[in-house]
Number of protein chains: 2
Amino acid sequence: MAVKMKDIADDLGISLVTVSKALRNHPDISLKTRERVAARVQELGYRPNLAARSLVTGRSMLVGFVVPDLMHPFFADVAKGLSAVLREKGYFVIISSSEEDPELECKEIEHMMAHRLDALVVASSQSSAEALAPIQQSGTPLILLDRYFDNFEAHFVGSDDYNAGKIATEHLIEIGCKRIAHIQGPDTSPGSRRLKGFLDTMRKHGLEVPPEYIIKAGSGDVEGDEHGIQALRTLQSLKRPPDGIFCFNDVIASGVILEAVAQGIDVPKTLAVIGCGNLHSNRLIRVPLSSVDQRSNEIGRRAAKLILDIVQAPEGTKPAGTKRVVLQGGLVVRASTDRGGISSRPGKKIGKG
Amino acid sequence: MAVKMKDIADDLGISLVTVSKALRNHPDISLKTRERVAARVQELGYRPNLAARSLVTGRSMLVGFVVPDLMHPFFADVAKGLSAVLREKGYFVIISSSEEDPELECKEIEHMMAHRLDALVVASSQSSAEALAPIQQSGTPLILLDRYFDNFEAHFVGSDDYNAGKIATEHLIEIGCKRIAHIQGPDTSPGSRRLKGFLDTMRKHGLEVPPEYIIKAGSGDVEGDEHGIQALRTLQSLKRPPDGIFCFNDVIASGVILEAVAQGIDVPKTLAVIGCGNLHSNRLIRVPLSSVDQRSNEIGRRAAKLILDIVQAPEGTKPAGTKRVVLQGGLVVRASTDRGGISSRPGKKIGKG
DNA sequence: TTGAAAGCGTTACCAT
DNA sequence: ATGGTAACGCTTTCAA
């Protein structure tokens, strides 16, 4: 049906092999022949068959990327960074959304792997690395993104979530908050690291964290902002509601602000709110939201570079162990924590980020 | 390197062909043999090589989806719907973002096509269909999504943009707006259709639209909400600023609201604002935004079904012409147009959608 | 119920 | 500088 190399070769009265080489700019082939081939390729609308090429080279030029939620701007932005860098080298990123469902994630990975990926990037919603081990053993380079597992050696690219928790908490303390609550994320590494950063910082400053100040956002079904709404209701029903909240992410924080406004609570005076991720929409919401920037696009780009390092490494150089790329974010202050004090540089990013 | 059928066959002392058939549940093979094969597959961690399969079957089980911007929630949601339906039938969607750059779009399509897609879905940022014609000629089913071209016959799935413009405009008129402006989108079909729906409706109601009330949002570089901010500044500098604005999309509308709040303009009393797309974030912004819902997820699902119809059609049945699937949206009223009148059902969706 | 042989479109190797 | 041949892993066709 489609045009193939043989057609071009016959057309030009040369061998198929010559065409193959000409197409890949093999130095063997004379300039004149290469031009003749190029011309016919244009005319006939020839496209190389990557499946066939992949079969013989053993490289698919395909990189898989499994995300928990394509709709989440963080992962969409990571995907853009990842694709942009890999595209330049001829790689194609195929994306799959697991909808935060560990079982679906496994199925999707299995399906992806059948395409003989040259590398697989996973922001896993698994609670353990069990399901990922077979991949690593299969020899396909595996890069964990955003979320890692203890006791599982693998490449990792993500943010310093412990430090993000610390930065956010210190900011709240700096603007005068004394009773700070945390709305926890899922049981993945960013969730527990941000929590730990929060707790350690509070302890360091001699501030108490009553257990009811740690709210576990329900998982799965409900939208993130709905978690925030529910969490604030719970917190406000306490005898002593908090005067500051560090939320696992910006979507939850948006819900908190939505509910706070509905309850007539003054943000940031009565209640300061900070999120994490620094989504672009943060400046549009009712009370523009302070956040810790995560450099999502850069995370994607770094993952891409790591992959290129791995796949382009000479044969012998492979077993160099696993690599961890941990990016530092930075504080972005907006109205939700702007009490007019020393840190009030609205919308200005502070720190290394 | 990796496990292949031959390994399983040798292992079991049967032929490679038997394994192949067993794996695909071919009725030829006895249950006992199939079970033995299945067991070994598990043990050895065999994965079929789809590139090899594709080479012989001529079907890649890959569907391409080219979007102008992966970060845009509309396309992310379409992608989710598309993937969800196709995944059930064993198809995989590979997504590529053109960043609204027609040239990059061509390159990406070319690259995708080399993977021998079974179908290609494109929300094109081209201004003409020129670049898409070769694809159609190649025999790969082409589905235009969201954006179509005049004088180019192709399958299409999208919203009724003319009607969206009409619905939004009639709503503004209904709540009492007299001087209604429109912030235009890019020069693609949704942009011109929504504009036409707006103009026709205004004329029908005997309302004037001075030329300076049609603002062309700049293209490309800048973020959409920035367009909205600039556009409102321009409109407010007029002798008679509008009392209602219909924005091409919700992101532009968000910018308008942001700037209106900054200027101390009362939304919706002094200025009513409505967008299009009904993004989930609309309820979170400063003044919750009214919009015309686009049923983005459903658009994706319908595109998937159309593809399945095409690829699963028996050989002879192919040349059935092109199909157009046009979905109707519905009005969603929120605070940005809620003047306490008859249409004030906040956050409630009205209409067929 | 099973299997041998041919072939899918390409690249790698070695010869010319 | 050019080309013949084998191989990549699988499915299809046909024969046993």
# chains A, B, ... in the order shown; residues from 1 in each chain; ligands from 1
>>> residues_around(residues="DT12 of chain D", least_positions_apart="4", cutoff="9 Å", atoms="only C-alpha atoms (C1' of nucleotides)", output="JSON, numbers by chain")
{"B": [56], "C": [6, 7]}
>>> select_by_dssp(residues="segment 12-238 of chain B", states="helix (DSSP H, G or I)", output="MDAnalysis selection string")
chainID B and resid 12 16:23 31:44 50:57 73:88 102:113 130:137 161:174 189:204 211:213 224:236
>>> write_last_selection(atoms="C-alpha atoms", output="JSON list (two decimals), in the first residue's frame")
[["chain", "number", "residue", "atom", "x", "y", "z"],
["B", 12, "LEU", "CA", 7.76, -26.14, 26.06],
["B", 16, "LEU", "CA", 6.60, -21.07, 17.70],
["B", 17, "VAL", "CA", 3.40, -20.98, 15.68],
["B", 18, "THR", "CA", 1.52, -22.80, 18.38],
["B", 19, "VAL", "CA", 2.69, -20.25, 20.91],
["B", 20, "SER", "CA", 1.62, -17.39, 18.69],
["B", 21, "LYS", "CA", -1.83, -18.85, 18.28],
["B", 22, "ALA", "CA", -2.15, -19.77, 21.93],
["B", 23, "LEU", "CA", -1.35, -16.22, 22.95],
["B", 31, "LEU", "CA", -7.00, -25.50, 26.25],
["B", 32, "LYS", "CA", -4.21, -27.49, 27.84],
["B", 33, "THR", "CA", -1.59, -26.06, 25.50],
["B", 34, "ARG", "CA", -2.89, -22.56, 25.98],
["B", 35, "GLU", "CA", -2.59, -22.93, 29.73],
["B", 36, "ARG", "CA", 0.94, -24.25, 29.48],
["B", 37, "VAL", "CA", 1.88, -21.32, 27.29],
["B", 38, "ALA", "CA", 0.20, -18.81, 29.59],
["B", 39, "ALA", "CA", 2.11, -20.21, 32.55],
["B", 40, "ARG", "CA", 5.50, -19.92, 30.84],
["B", 41, "VAL", "CA", 4.66, -16.41, 29.66],
["B", 42, "GLN", "CA", 4.15, -15.41, 33.26],
["B", 43, "GLU", "CA", 7.32, -17.11, 34.46],
["B", 44, "LEU", "CA", 9.57, -15.70, 31.81],
["B", 50, "LEU", "CA", 4.23, -4.86, 18.94],
["B", 51, "ALA", "CA", 6.64, -3.48, 16.39],
["B", 52, "ALA", "CA", 7.07, -6.94, 14.91],
["B", 53, "ARG", "CA", 3.38, -7.64, 15.04],
["B", 54, "SER", "CA", 2.62, -4.30, 13.44],
["B", 55, "LEU", "CA", 5.03, -5.05, 10.65],
["B", 56, "VAL", "CA", 3.12, -8.12, 9.57],
["B", 57, "THR", "CA", -0.44, -7.12, 10.38],
["B", 73, "PRO", "CA", -7.48, 21.77, 30.19],
["B", 74, "PHE", "CA", -9.80, 21.47, 27.23],
["B", 75, "PHE", "CA", -7.37, 19.36, 25.24],
["B", 76, "ALA", "CA", -6.19, 17.43, 28.28],
["B", 77, "ASP", "CA", -9.79, 16.46, 28.93],
["B", 78, "VAL", "CA", -10.39, 15.53, 25.30],
["B", 79, "ALA", "CA", -7.27, 13.39, 25.44],
["B", 80, "LYS", "CA", -8.59, 11.60, 28.50],
["B", 81, "GLY", "CA", -11.90, 10.78, 26.85],
["B", 82, "LEU", "CA", -10.18, 9.68, 23.66],
["B", 83, "SER", "CA", -7.70, 7.42, 25.47],
["B", 84, "ALA", "CA", -10.28, 5.91, 27.77],
["B", 85, "VAL", "CA", -12.46, 4.62, 24.95],
["B", 86, "LEU", "CA", -9.64, 3.50, 22.67],
["B", 87, "ARG", "CA", -7.72, 1.80, 25.46],
["B", 88, "GLU", "CA", -10.58, -0.63, 25.99],
["B", 102, "PRO", "CA", 1.97, 25.38, 12.51],
["B", 103, "GLU", "CA", 5.48, 24.39, 11.47],
["B", 104, "LEU", "CA", 6.12, 22.35, 14.56],
["B", 105, "GLU", "CA", 2.73, 20.76, 14.05],
["B", 106, "CYS", "CA", 3.78, 19.55, 10.61],
["B", 107, "LYS", "CA", 7.00, 18.10, 11.92],
["B", 108, "GLU", "CA", 5.23, 16.33, 14.73],
["B", 109, "ILE", "CA", 2.62, 14.90, 12.39],
["B", 110, "GLU", "CA", 5.33, 13.69, 10.06],
["B", 111, "HIS", "CA", 7.13, 12.06, 12.95],
["B", 112, "MET", "CA", 3.94, 10.47, 14.23],
["B", 113, "MET", "CA", 2.98, 9.15, 10.83],
["B", 130, "GLU", "CA", -2.79, 22.34, 2.83],
["B", 131, "ALA", "CA", -0.43, 20.51, 5.14],
["B", 132, "LEU", "CA", -3.06, 17.98, 6.08],
["B", 133, "ALA", "CA", -4.00, 16.88, 2.59],
["B", 134, "PRO", "CA", -1.03, 14.51, 2.15],
["B", 135, "ILE", "CA", -2.08, 12.65, 5.28],
["B", 136, "GLN", "CA", -5.50, 11.97, 3.97],
["B", 137, "GLN", "CA", -4.02, 10.78, 0.71],
["B", 161, "ASP", "CA", -19.34, 27.01, 18.09],
["B", 162, "TYR", "CA", -21.86, 29.13, 16.27],
["B", 163, "ASN", "CA", -24.48, 28.12, 18.77],
["B", 164, "ALA", "CA", -22.09, 28.66, 21.68],
["B", 165, "GLY", "CA", -21.66, 32.25, 20.51],
["B", 166, "LYS", "CA", -25.40, 32.58, 20.24],
["B", 167, "ILE", "CA", -26.10, 31.12, 23.70],
["B", 168, "ALA", "CA", -23.53, 33.34, 25.39],
["B", 169, "THR", "CA", -24.71, 36.47, 23.64],
["B", 170, "GLU", "CA", -28.39, 35.82, 24.30],
["B", 171, "HIS", "CA", -27.59, 35.28, 27.95],
["B", 172, "LEU", "CA", -25.85, 38.65, 28.18],
["B", 173, "ILE", "CA", -28.77, 40.32, 26.42],
["B", 174, "GLU", "CA", -31.23, 38.57, 28.70],
["B", 189, "SER", "CA", -13.00, 27.75, 12.98],
["B", 190, "PRO", "CA", -14.08, 28.03, 16.64],
["B", 191, "GLY", "CA", -12.89, 31.63, 16.63],
["B", 192, "SER", "CA", -14.82, 32.66, 13.54],
["B", 193, "ARG", "CA", -17.92, 30.59, 14.35],
["B", 194, "ARG", "CA", -18.27, 32.05, 17.84],
["B", 195, "LEU", "CA", -17.78, 35.51, 16.43],
["B", 196, "LYS", "CA", -20.47, 34.90, 13.82],
["B", 197, "GLY", "CA", -22.85, 33.52, 16.42],
["B", 198, "PHE", "CA", -22.24, 36.66, 18.44],
["B", 199, "LEU", "CA", -22.75, 39.08, 15.54],
["B", 200, "ASP", "CA", -25.86, 37.37, 14.19],
["B", 201, "THR", "CA", -27.46, 37.32, 17.62],
["B", 202, "MET", "CA", -26.70, 40.97, 18.23],
["B", 203, "ARG", "CA", -28.20, 41.91, 14.89],
["B", 204, "LYS", "CA", -31.23, 39.77, 15.52],
["B", 211, "PRO", "CA", -16.00, 47.84, 15.36],
["B", 212, "GLU", "CA", -13.93, 48.78, 18.41],
["B", 213, "TYR", "CA", -16.02, 46.31, 20.41],
["B", 224, "GLY", "CA", -4.34, 33.79, 27.35],
["B", 225, "ASP", "CA", -5.22, 35.62, 30.54],
["B", 226, "GLU", "CA", -2.75, 38.31, 29.57],
["B", 227, "HIS", "CA", -4.77, 38.80, 26.38],
["B", 228, "GLY", "CA", -7.84, 39.32, 28.53],
["B", 229, "ILE", "CA", -6.09, 41.91, 30.67],
["B", 230, "GLN", "CA", -4.89, 43.87, 27.66],
["B", 231, "ALA", "CA", -8.23, 43.63, 25.93],
["B", 232, "LEU", "CA", -10.14, 45.01, 28.89],
["B", 233, "ARG", "CA", -7.71, 47.91, 29.19],
["B", 234, "THR", "CA", -8.38, 48.76, 25.56],
["B", 235, "LEU", "CA", -12.13, 48.49, 26.01],
["B", 236, "GLN", "CA", -12.15, 50.61, 29.15]]
>>> atom_distance(atom1="atom CA of Arg179 of chain B", atom2="atom CA of Val251 of chain B")
21.9 Å
>>> select_by_dssp(residues="segment 118-179 of chain A", states="strand (DSSP E or B)", output="list in words")
Ala119, Leu120, Val121, Val122, Leu142, Ile143, Leu144, Leu145, His155, Phe156, Val157, Gly158 and Ser159 of chain A
>>> write_last_selection(atoms="N, CA and C atoms", output="compact mmCIF listing (two decimals), in the first residue's frame")
# COMPACT_ATOMS: atom_id res chain seq x y z
N ALA A 119 12.92 3.96 27.10
CA ALA A 119 12.96 4.34 28.52
C ALA A 119 11.53 4.57 29.00
N LEU A 120 11.35 4.40 30.29
CA LEU A 120 10.02 4.60 30.85
C LEU A 120 10.10 5.55 32.04
N VAL A 121 9.29 6.60 31.98
CA VAL A 121 9.23 7.56 33.08
C VAL A 121 7.89 7.37 33.79
N VAL A 122 7.94 7.19 35.09
CA VAL A 122 6.70 6.93 35.82
C VAL A 122 6.55 7.84 37.03
N LEU A 142 14.39 2.76 33.80
CA LEU A 142 13.20 3.25 34.49
C LEU A 142 13.54 4.51 35.26
N ILE A 143 12.79 5.57 35.02
CA ILE A 143 13.00 6.82 35.75
C ILE A 143 11.76 7.15 36.57
N LEU A 144 11.92 7.18 37.87
CA LEU A 144 10.80 7.61 38.71
C LEU A 144 10.76 9.12 38.69
N LEU A 145 9.56 9.66 38.57
CA LEU A 145 9.42 11.10 38.51
C LEU A 145 8.48 11.58 39.60
N HIS A 155 16.47 5.40 39.08
CA HIS A 155 16.71 6.81 38.77
C HIS A 155 15.53 7.62 39.27
N PHE A 156 15.82 8.84 39.69
CA PHE A 156 14.74 9.70 40.18
C PHE A 156 14.96 11.15 39.77
N VAL A 157 13.90 11.80 39.33
CA VAL A 157 13.93 13.24 39.08
C VAL A 157 12.70 13.84 39.74
N GLY A 158 12.92 14.84 40.55
CA GLY A 158 11.78 15.45 41.23
C GLY A 158 12.21 16.64 42.07
N SER A 159 11.30 17.12 42.88
CA SER A 159 11.62 18.27 43.71
C SER A 159 12.06 17.83 45.10
>>> closest_atom_pairs(of="chain D", to="chain A", cutoff="7 Å", atoms="only C-alpha atoms (C1' of nucleotides)", output="CSV")
residue,atom,partner,partner_atom,distance
D:DA1,C1',A:Ile29,CA,6.1
D:DT2,C1',A:Thr18,CA,6.6
D:DG3,C1',A:Ser15,CA,6.1
D:DC8,C1',A:Val56,CA,4.4
>>> interface_residues(of="chain A", to="chain B", cutoff="6 Å", atoms="only C-alpha atoms", output="ChimeraX atom specification")
/A:47-51,71,76,94,114-115,284-286
>>> write_last_selection(atoms="all heavy atoms", output="mmCIF file, in the first residue's frame")
data_model
loop_
_atom_site.group_PDB
_atom_site.id
_atom_site.type_symbol
_atom_site.label_atom_id
_atom_site.label_comp_id
_atom_site.auth_asym_id
_atom_site.auth_seq_id
_atom_site.Cartn_x
_atom_site.Cartn_y
_atom_site.Cartn_z
ATOM 1 N N ARG A 47 7.505 7.659 3.667
ATOM 2 C CA ARG A 47 7.777 7.802 5.103
ATOM 3 C C ARG A 47 8.418 6.521 5.595
ATOM 4 O O ARG A 47 7.903 5.438 5.302
ATOM 5 C CB ARG A 47 6.479 7.982 5.881
ATOM 6 C CG ARG A 47 5.819 9.319 5.724
ATOM 7 C CD ARG A 47 4.556 9.365 6.572
ATOM 8 N NE ARG A 47 3.405 9.731 5.771
ATOM 9 C CZ ARG A 47 3.040 10.984 5.523
ATOM 10 N NH1 ARG A 47 3.754 11.965 6.020
ATOM 11 N NH2 ARG A 47 1.985 11.244 4.793
ATOM 12 N N PRO A 48 9.496 6.624 6.326
ATOM 13 C CA PRO A 48 10.123 5.391 6.831
ATOM 14 C C PRO A 48 9.165 4.660 7.766
ATOM 15 O O PRO A 48 8.361 5.277 8.439
ATOM 16 C CB PRO A 48 11.343 5.903 7.594
ATOM 17 C CG PRO A 48 11.055 7.335 7.884
ATOM 18 C CD PRO A 48 10.184 7.825 6.772
ATOM 19 N N ASN A 49 9.248 3.378 7.786
ATOM 20 C CA ASN A 49 8.441 2.575 8.691
ATOM 21 C C ASN A 49 9.232 2.305 9.954
ATOM 22 O O ASN A 49 10.116 1.459 10.008
ATOM 23 C CB ASN A 49 8.059 1.264 8.004
ATOM 24 C CG ASN A 49 7.136 0.445 8.857
ATOM 25 O OD1 ASN A 49 7.218 0.480 10.076
ATOM 26 N ND2 ASN A 49 6.246 -0.291 8.210
ATOM 27 N N LEU A 50 8.881 3.048 10.988
ATOM 28 C CA LEU A 50 9.638 2.968 12.233
ATOM 29 C C LEU A 50 9.511 1.617 12.919
ATOM 30 O O LEU A 50 10.414 1.193 13.641
ATOM 31 C CB LEU A 50 9.175 4.078 13.188
ATOM 32 C CG LEU A 50 10.042 5.328 13.217
ATOM 33 C CD1 LEU A 50 10.623 5.661 11.868
ATOM 34 C CD2 LEU A 50 9.276 6.514 13.773
ATOM 35 N N ALA A 51 8.410 0.943 12.685
ATOM 36 C CA ALA A 51 8.252 -0.380 13.286
ATOM 37 C C ALA A 51 9.310 -1.323 12.724
ATOM 38 O O ALA A 51 9.944 -2.074 13.467
ATOM 39 C CB ALA A 51 6.849 -0.913 13.010
ATOM 40 N N MET A 71 -4.767 15.750 33.434
ATOM 41 C CA MET A 71 -5.413 17.047 33.600
ATOM 42 C C MET A 71 -4.667 17.923 34.602
ATOM 43 O O MET A 71 -4.899 19.122 34.667
ATOM 44 C CB MET A 71 -6.846 16.850 34.098
ATOM 45 C CG MET A 71 -7.790 16.289 33.078
ATOM 46 S SD MET A 71 -8.332 17.580 31.958
ATOM 47 C CE MET A 71 -9.395 18.537 33.062
ATOM 48 N N ALA A 76 1.149 17.949 33.133
ATOM 49 C CA ALA A 76 1.093 18.438 31.756
ATOM 50 C C ALA A 76 2.352 19.247 31.448
ATOM 51 O O ALA A 76 2.942 19.124 30.372
ATOM 52 C CB ALA A 76 -0.160 19.284 31.553
ATOM 53 N N ILE A 94 5.387 8.944 24.538
ATOM 54 C CA ILE A 94 3.999 8.502 24.562
ATOM 55 C C ILE A 94 3.507 8.552 26.004
ATOM 56 O O ILE A 94 4.149 8.071 26.928
ATOM 57 C CB ILE A 94 3.788 7.134 23.909
ATOM 58 C CG1 ILE A 94 4.341 5.994 24.724
ATOM 59 C CG2 ILE A 94 4.455 7.082 22.560
ATOM 60 C CD1 ILE A 94 4.180 4.654 24.030
ATOM 61 N N ALA A 114 5.059 -3.123 25.701
ATOM 62 C CA ALA A 114 4.964 -3.949 24.504
ATOM 63 C C ALA A 114 5.443 -3.181 23.276
ATOM 64 O O ALA A 114 5.800 -3.777 22.271
ATOM 65 C CB ALA A 114 3.530 -4.434 24.311
ATOM 66 N N HIS A 115 5.468 -1.869 23.383
ATOM 67 C CA HIS A 115 5.968 -1.069 22.265
ATOM 68 C C HIS A 115 7.493 -0.930 22.298
ATOM 69 O O HIS A 115 8.060 -0.168 21.539
ATOM 70 C CB HIS A 115 5.307 0.305 22.257
ATOM 71 C CG HIS A 115 3.881 0.277 21.825
ATOM 72 N ND1 HIS A 115 3.500 0.160 20.513
ATOM 73 C CD2 HIS A 115 2.722 0.324 22.525
ATOM 74 C CE1 HIS A 115 2.175 0.150 20.433
ATOM 75 N NE2 HIS A 115 1.682 0.249 21.638
ATOM 76 N N LEU A 284 -5.101 33.863 39.587
ATOM 77 C CA LEU A 284 -6.461 34.190 39.155
ATOM 78 C C LEU A 284 -7.512 33.923 40.229
ATOM 79 O O LEU A 284 -8.627 34.401 40.130
ATOM 80 C CB LEU A 284 -6.818 33.373 37.914
ATOM 81 C CG LEU A 284 -5.959 33.617 36.677
ATOM 82 C CD1 LEU A 284 -6.328 32.640 35.583
ATOM 83 C CD2 LEU A 284 -6.128 35.049 36.197
ATOM 84 N N ILE A 285 -7.168 33.118 41.227
ATOM 85 C CA ILE A 285 -8.211 32.704 42.164
ATOM 86 C C ILE A 285 -8.556 33.814 43.143
ATOM 87 O O ILE A 285 -7.867 34.825 43.225
ATOM 88 C CB ILE A 285 -7.823 31.408 42.911
ATOM 89 C CG1 ILE A 285 -6.638 31.621 43.822
ATOM 90 C CG2 ILE A 285 -7.535 30.309 41.915
ATOM 91 C CD1 ILE A 285 -6.258 30.363 44.562
ATOM 92 N N ARG A 286 -9.637 33.583 43.882
ATOM 93 C CA ARG A 286 -10.267 34.638 44.703
ATOM 94 C C ARG A 286 -9.263 35.439 45.508
ATOM 95 O O ARG A 286 -9.239 36.663 45.468
ATOM 96 C CB ARG A 286 -11.263 33.994 45.683
ATOM 97 C CG ARG A 286 -12.199 33.067 44.982
ATOM 98 C CD ARG A 286 -13.592 33.549 44.977
ATOM 99 N NE ARG A 286 -14.363 32.589 44.191
ATOM 100 C CZ ARG A 286 -15.528 32.096 44.556
ATOM 101 N NH1 ARG A 286 -16.078 32.495 45.682
ATOM 102 N NH2 ARG A 286 -16.136 31.238 43.787
#
>>> interface_residues(of="chain C", to="chain A", cutoff="7 Å", atoms="only C-alpha atoms (C1' of nucleotides)", output="PyMOL selection string")
chain C and resi 9-11
>>> atom_distance(atom1="atom CA of Asn151 of chain B", atom2="atom CA of Ser125 of chain B")
16.4 Å
>>> atom_distance(atom1="atom CA of Val325 of chain B", atom2="atom CA of Phe246 of chain B")
25.0 Å
>>> residues_around(residues="DT13 of chain D", least_positions_apart="2", cutoff="10 Å", atoms="only C-alpha atoms (C1' of nucleotides)", output="list in words")
DA5 and DA6 of chain C; DT11 and DA15 of chain D
